[in-house]
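First comes the structure, then the notes that go with it.
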Amino acid sequence: MRVMNKVIACPHCGHHQHISIDASCGDQDYYDDCRICCNPIHLRLHIDELRRTVELYIDSDDEQIY
């Protein structure tokens, strides 16, 4: 299991929060609520096996942040 801990900023309020990412499940697309403003944060995880990298995209579902 490849679990990574990252710090992200909420695209709505800018509050920094810690998240855990489990990269062993392959590509993922899910929502998590901000702990401060309670708005949904769209997280999209892409595993690039060729380059051995993990790409994390975070947005508010109407614009891309990272």
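In the structure tokens, chains take the letters A, B, ... in the order shown, each chain's residues start at 1, and ligands count up from 1 in the order shown.
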Near-Leu56 of chain A list (9 Å; only C-alpha atoms; drop same-chain fewer than 2 positions) as a PyMOL selection string: chain A and resi 43-47+54+58+66
List the neighbours of Ser20 of chain A out to 9 Å using only C-alpha atoms; skip same-chain residues closer than 6 positions along the sequence, and give me the result as a PyMOL selection string. chain A and resi 3-7
Any chance you could list, as an MDAnalysis selection string, the residues in chain A that come up strand (DSSP E or B) when DSSP is run on the backbone? chainID A and resid 3:9 16:22 28:33 40:48 53:59 64
Residues at most 7 Å from segment 10-17 of chain A, counting only C-alpha atoms, excluding those fewer than 5 positions away in the same chain, as JSON, numbers by chain? {"A": [34, 37, 41, 59, 60, 65]}
